[in-house]
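Undergrad: Pasting a structure below so you can have a look.
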Amino acid sequence: MVERLPEYIDPLYLADKRAELKGQILLSKLDRLGDLLCDDSGVVAVELVFAREGRYPIIEGQFAATSLMLKCQNCLQAISFPVQGQFKLGIVNSIEQADRLPEEYEPLLIGDEQKILLRELIEDELLLALPAIPKHQQACYPAEYLADKTILPTTTKTDATTENPFSILAHLKNIGEP
Ligand SMILES: [Zn+2]
């Protein structure tokens with residue numbers, strides 16, 4: 001069951017109301033993230049608190065995507081990559097305002113229409129929390145290896161003909177005996 005969030009939010013209005021929003025966004029709605037995923041089923045859970053810090057409207061948010069399946073850029077197979085994060089945004093409408101924000105806030109520049117697409121905001125934060133080039137931590141074969149079996153490493157002749165060390169031992173033992 002997906003708890004719906006509004007598609008667009010008006011952060012100034014919500015900050016004045018000291019609103020809180022909580023819900024989930026389908027991963028399949030996040031186009032840029034989709035390129036990194038093996039499987040876009042699942043959701044990102046989001047919690048947002050709106051307030052004012054001095055004269056600036058702010059958003060304190062957190063998100064968690066526990067079922068994220070990234071595509072390994074080496075073997076193109078899935079990597080389970082649960083991710084969560086937090087952010088603090090100060091709403092500004094000019095670069096000058098952004099410069100005057102308290103340090104712990106990242107500026108979020110909004111235009112005259114004041115509304116922002118919520119899923120884009122969350123997608124930005126989510127992408128920042130992911131590795132630029134997701135790869136398995138353990139060694140994995142590059143996708144070309146799997147696609148073309150002729151270049152898969154094969155057992156070499158020397159491996160096949162090497163004598164079993166135990167048979168050598170047995171041999172030595174026999175020599176030592178009268
Ligand atoms: Zn891999």
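Order determines the names: the first chain of the structure tokens is A, the second B, and so forth; residues in each chain are numbered 1 upward, and ligands are numbered 1 upward as they are shown.
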Produce a table with one row for each residue of chain A that has an atom at most 6 Å from any atom of ligand 1, each row naming the nearest atom pair and its distance in Å at one decimal; use only C-alpha atoms and all ligand atoms; arrange rows by chain and rising residue number; format as a Markdown table.
TA:
| residue | atom | partner | partner_atom_place_in_ligand_line | distance |
| --- | --- | --- | --- | --- |
| A:Cys72 | CA | ligand 1 | 1 (Zn) | 4.6 |
| A:Asn74 | CA | ligand 1 | 1 (Zn) | 5.0 |
| A:Cys75 | CA | ligand 1 | 1 (Zn) | 4.1 |
| A:Gln77 | CA | ligand 1 | 1 (Zn) | 5.7 |
| A:Lys135 | CA | ligand 1 | 1 (Zn) | 5.5 |
| A:His136 | CA | ligand 1 | 1 (Zn) | 4.4 |
| A:Cys140 | CA | ligand 1 | 1 (Zn) | 4.6 |
Undergrad: Hey, what does DSSP flag as strand (DSSP E) within chain A? Can you give it to me as a PyMOL selection string?
TA: chain A and resi 8-9+20-26+37-39+43-53+56-65+69-71+78-80+83-92+106-109+116-117
Undergrad: Extract the full set of helix (DSSP H, G or I) residues from range 37-164 of chain A according to DSSP on the backbone, and format it as an mmCIF file with N, CA, C and O atoms, in the first residue's frame.
TA:
data_model
loop_
_atom_site.group_PDB
_atom_site.id
_atom_site.type_symbol
_atom_site.label_atom_id
_atom_site.label_comp_id
_atom_site.auth_asym_id
_atom_site.auth_seq_id
_atom_site.Cartn_x
_atom_site.Cartn_y
_atom_site.Cartn_z
ATOM 1 N N ILE A 95 20.342 33.927 -5.889
ATOM 2 C CA ILE A 95 21.677 33.488 -5.474
ATOM 3 C C ILE A 95 22.108 34.251 -4.217
ATOM 4 O O ILE A 95 22.739 33.706 -3.318
ATOM 5 N N GLU A 96 21.723 35.535 -4.135
ATOM 6 C CA GLU A 96 22.097 36.353 -2.971
ATOM 7 C C GLU A 96 21.500 35.757 -1.698
ATOM 8 O O GLU A 96 22.156 35.674 -0.669
ATOM 9 N N GLN A 97 20.239 35.348 -1.793
ATOM 10 C CA GLN A 97 19.602 34.718 -0.635
ATOM 11 C C GLN A 97 20.305 33.414 -0.281
ATOM 12 O O GLN A 97 20.486 33.097 0.892
ATOM 13 N N ALA A 98 20.690 32.663 -1.292
ATOM 14 C CA ALA A 98 21.357 31.384 -1.056
ATOM 15 C C ALA A 98 22.640 31.602 -0.264
ATOM 16 O O ALA A 98 22.976 30.830 0.636
ATOM 17 N N ASP A 99 23.374 32.685 -0.604
ATOM 18 C CA ASP A 99 24.633 32.979 0.086
ATOM 19 C C ASP A 99 24.412 33.300 1.560
ATOM 20 O O ASP A 99 25.311 33.121 2.375
ATOM 21 N N LEU A 118 7.665 17.298 -6.271
ATOM 22 C CA LEU A 118 8.239 16.626 -5.107
ATOM 23 C C LEU A 118 9.121 15.444 -5.503
ATOM 24 O O LEU A 118 10.197 15.241 -4.948
ATOM 25 N N ARG A 119 8.671 14.657 -6.481
ATOM 26 C CA ARG A 119 9.453 13.453 -6.794
ATOM 27 C C ARG A 119 10.828 13.809 -7.367
ATOM 28 O O ARG A 119 11.782 13.078 -7.200
ATOM 29 N N GLU A 120 10.923 14.994 -8.008
ATOM 30 C CA GLU A 120 12.214 15.416 -8.546
ATOM 31 C C GLU A 120 13.173 15.790 -7.416
ATOM 32 O O GLU A 120 14.352 15.465 -7.442
ATOM 33 N N LEU A 121 12.628 16.457 -6.412
ATOM 34 C CA LEU A 121 13.418 16.812 -5.235
ATOM 35 C C LEU A 121 13.975 15.560 -4.559
ATOM 36 O O LEU A 121 15.161 15.474 -4.238
ATOM 37 N N ILE A 122 13.106 14.574 -4.358
ATOM 38 C CA ILE A 122 13.529 13.340 -3.683
ATOM 39 C C ILE A 122 14.513 12.567 -4.555
ATOM 40 O O ILE A 122 15.504 12.020 -4.071
ATOM 41 N N GLU A 123 14.273 12.573 -5.855
ATOM 42 C CA GLU A 123 15.177 11.866 -6.767
ATOM 43 C C GLU A 123 16.581 12.479 -6.715
ATOM 44 O O GLU A 123 17.576 11.757 -6.703
ATOM 45 N N ASP A 124 16.654 13.817 -6.671
ATOM 46 C CA ASP A 124 17.958 14.480 -6.560
ATOM 47 C C ASP A 124 18.707 13.994 -5.327
ATOM 48 O O ASP A 124 19.894 13.667 -5.388
ATOM 49 N N GLU A 125 18.004 13.952 -4.193
ATOM 50 C CA GLU A 125 18.643 13.565 -2.933
ATOM 51 C C GLU A 125 19.058 12.098 -2.972
ATOM 52 O O GLU A 125 20.121 11.717 -2.488
ATOM 53 N N LEU A 126 18.205 11.275 -3.554
ATOM 54 C CA LEU A 126 18.474 9.844 -3.636
ATOM 55 C C LEU A 126 19.709 9.582 -4.506
ATOM 56 O O LEU A 126 20.590 8.795 -4.143
ATOM 57 N N LEU A 127 19.795 10.278 -5.631
ATOM 58 C CA LEU A 127 20.928 10.077 -6.538
ATOM 59 C C LEU A 127 22.241 10.486 -5.867
ATOM 60 O O LEU A 127 23.276 9.860 -6.066
ATOM 61 N N LEU A 128 22.181 11.532 -5.032
ATOM 62 C CA LEU A 128 23.384 11.979 -4.325
ATOM 63 C C LEU A 128 23.892 10.919 -3.353
ATOM 64 O O LEU A 128 25.075 10.865 -3.032
ATOM 65 N N ALA A 143 30.224 -7.980 -18.247
ATOM 66 C CA ALA A 143 29.090 -8.482 -19.024
ATOM 67 C C ALA A 143 29.530 -9.121 -20.335
ATOM 68 O O ALA A 143 28.928 -10.080 -20.794
ATOM 69 N N GLU A 144 30.640 -8.637 -20.961
ATOM 70 C CA GLU A 144 31.093 -9.217 -22.239
ATOM 71 C C GLU A 144 31.475 -10.678 -22.052
ATOM 72 O O GLU A 144 31.284 -11.495 -22.943
ATOM 73 N N TYR A 145 32.027 -11.015 -20.890
ATOM 74 C CA TYR A 145 32.411 -12.400 -20.615
ATOM 75 C C TYR A 145 31.193 -13.297 -20.655
ATOM 76 O O TYR A 145 31.219 -14.387 -21.208
ATOM 77 N N LEU A 146 30.119 -12.819 -20.029
ATOM 78 C CA LEU A 146 28.925 -13.648 -19.937
ATOM 79 C C LEU A 146 28.235 -13.745 -21.286
ATOM 80 O O LEU A 146 27.646 -14.761 -21.634
ATOM 81 N N ALA A 147 28.326 -12.681 -22.080
ATOM 82 C CA ALA A 147 27.667 -12.673 -23.379
ATOM 83 C C ALA A 147 28.421 -13.561 -24.360
ATOM 84 O O ALA A 147 27.829 -14.216 -25.209
ATOM 85 N N LYS A 149 30.806 -16.642 -24.450
ATOM 86 C CA LYS A 149 31.361 -17.711 -23.608
ATOM 87 C C LYS A 149 32.741 -18.155 -24.091
ATOM 88 O O LYS A 149 33.489 -18.767 -23.357
ATOM 89 N N THR A 150 33.081 -17.821 -25.350
ATOM 90 C CA THR A 150 34.365 -18.283 -25.881
ATOM 91 C C THR A 150 35.535 -17.624 -25.167
ATOM 92 O O THR A 150 36.638 -18.132 -25.205
ATOM 93 N N ILE A 151 35.305 -16.456 -24.511
ATOM 94 C CA ILE A 151 36.428 -15.844 -23.805
ATOM 95 C C ILE A 151 36.325 -16.053 -22.293
ATOM 96 O O ILE A 151 37.040 -15.446 -21.530
ATOM 97 N N LYS A 157 45.594 -26.674 -19.746
ATOM 98 C CA LYS A 157 46.145 -28.029 -19.832
ATOM 99 C C LYS A 157 47.009 -28.370 -18.634
ATOM 100 O O LYS A 157 46.951 -29.463 -18.105
ATOM 101 N N THR A 158 47.808 -27.390 -18.203
ATOM 102 C CA THR A 158 48.719 -27.672 -17.084
ATOM 103 C C THR A 158 47.922 -28.037 -15.834
ATOM 104 O O THR A 158 48.317 -28.917 -15.085
ATOM 105 N N ASP A 159 46.770 -27.345 -15.652
ATOM 106 C CA ASP A 159 45.928 -27.669 -14.495
ATOM 107 C C ASP A 159 45.481 -29.121 -14.550
ATOM 108 O O ASP A 159 45.501 -29.837 -13.551
ATOM 109 N N ALA A 160 45.067 -29.531 -15.749
ATOM 110 C CA ALA A 160 44.477 -30.863 -15.899
ATOM 111 C C ALA A 160 45.516 -31.962 -15.703
ATOM 112 O O ALA A 160 45.187 -33.038 -15.227
ATOM 113 N N THR A 161 46.764 -31.685 -16.070
ATOM 114 C CA THR A 161 47.765 -32.754 -16.031
ATOM 115 C C THR A 161 48.629 -32.740 -14.776
ATOM 116 O O THR A 161 49.436 -33.636 -14.569
#
Undergrad: Skipping near chain neighbours, those fewer than 5 positions away, what residues fall within 12 Å of Asp16 in chain A using only C-alpha atoms, listed as JSON, numbers by chain?
TA: {"A": [10, 11, 49, 50, 51, 52, 53, 54, 55, 56, 57, 58, 59]}
Undergrad: One number please: CA of Gly111 in chain A to CA of Val43 in chain A, in Å, one decimal.
TA: 28.4 Å
Undergrad: One decimal, in Å: what's the spacing between CA of Glu60 in chain A and CA of Asp112 in chain A?
TA: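 Taking CA of Glu60 in chain A as the start and CA of Asp112 in chain A as the end point, the length is 21.9 Å.
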Undergrad: Measuring between only C-alpha atoms, which one of A:Lys71, A:Lys29, A:Lys17, A:Lys88 shows the shortest distance to Leu130 in chain A?
TA: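 Residue with the minimum atom-to-atom distance to Leu130 in chain A: A:Lys71.
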Undergrad: Pick out the residues sitting within 12 Å of Ala65 in chain A, and hand them over as a ChimeraX atom specification; count only C-alpha atoms, and ignore anything fewer than 3 positions along from it in its own chain.
TA: /A:24-27,33,40-46,62,68-70,80-85,122-123,125-127,129-130
Undergrad: What is the CA of Leu21 in chain A-CA of Glu106 in chain A distance in Å, reported with one decimal?
TA: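 Computing it gives 19.5 Å between the two atoms.
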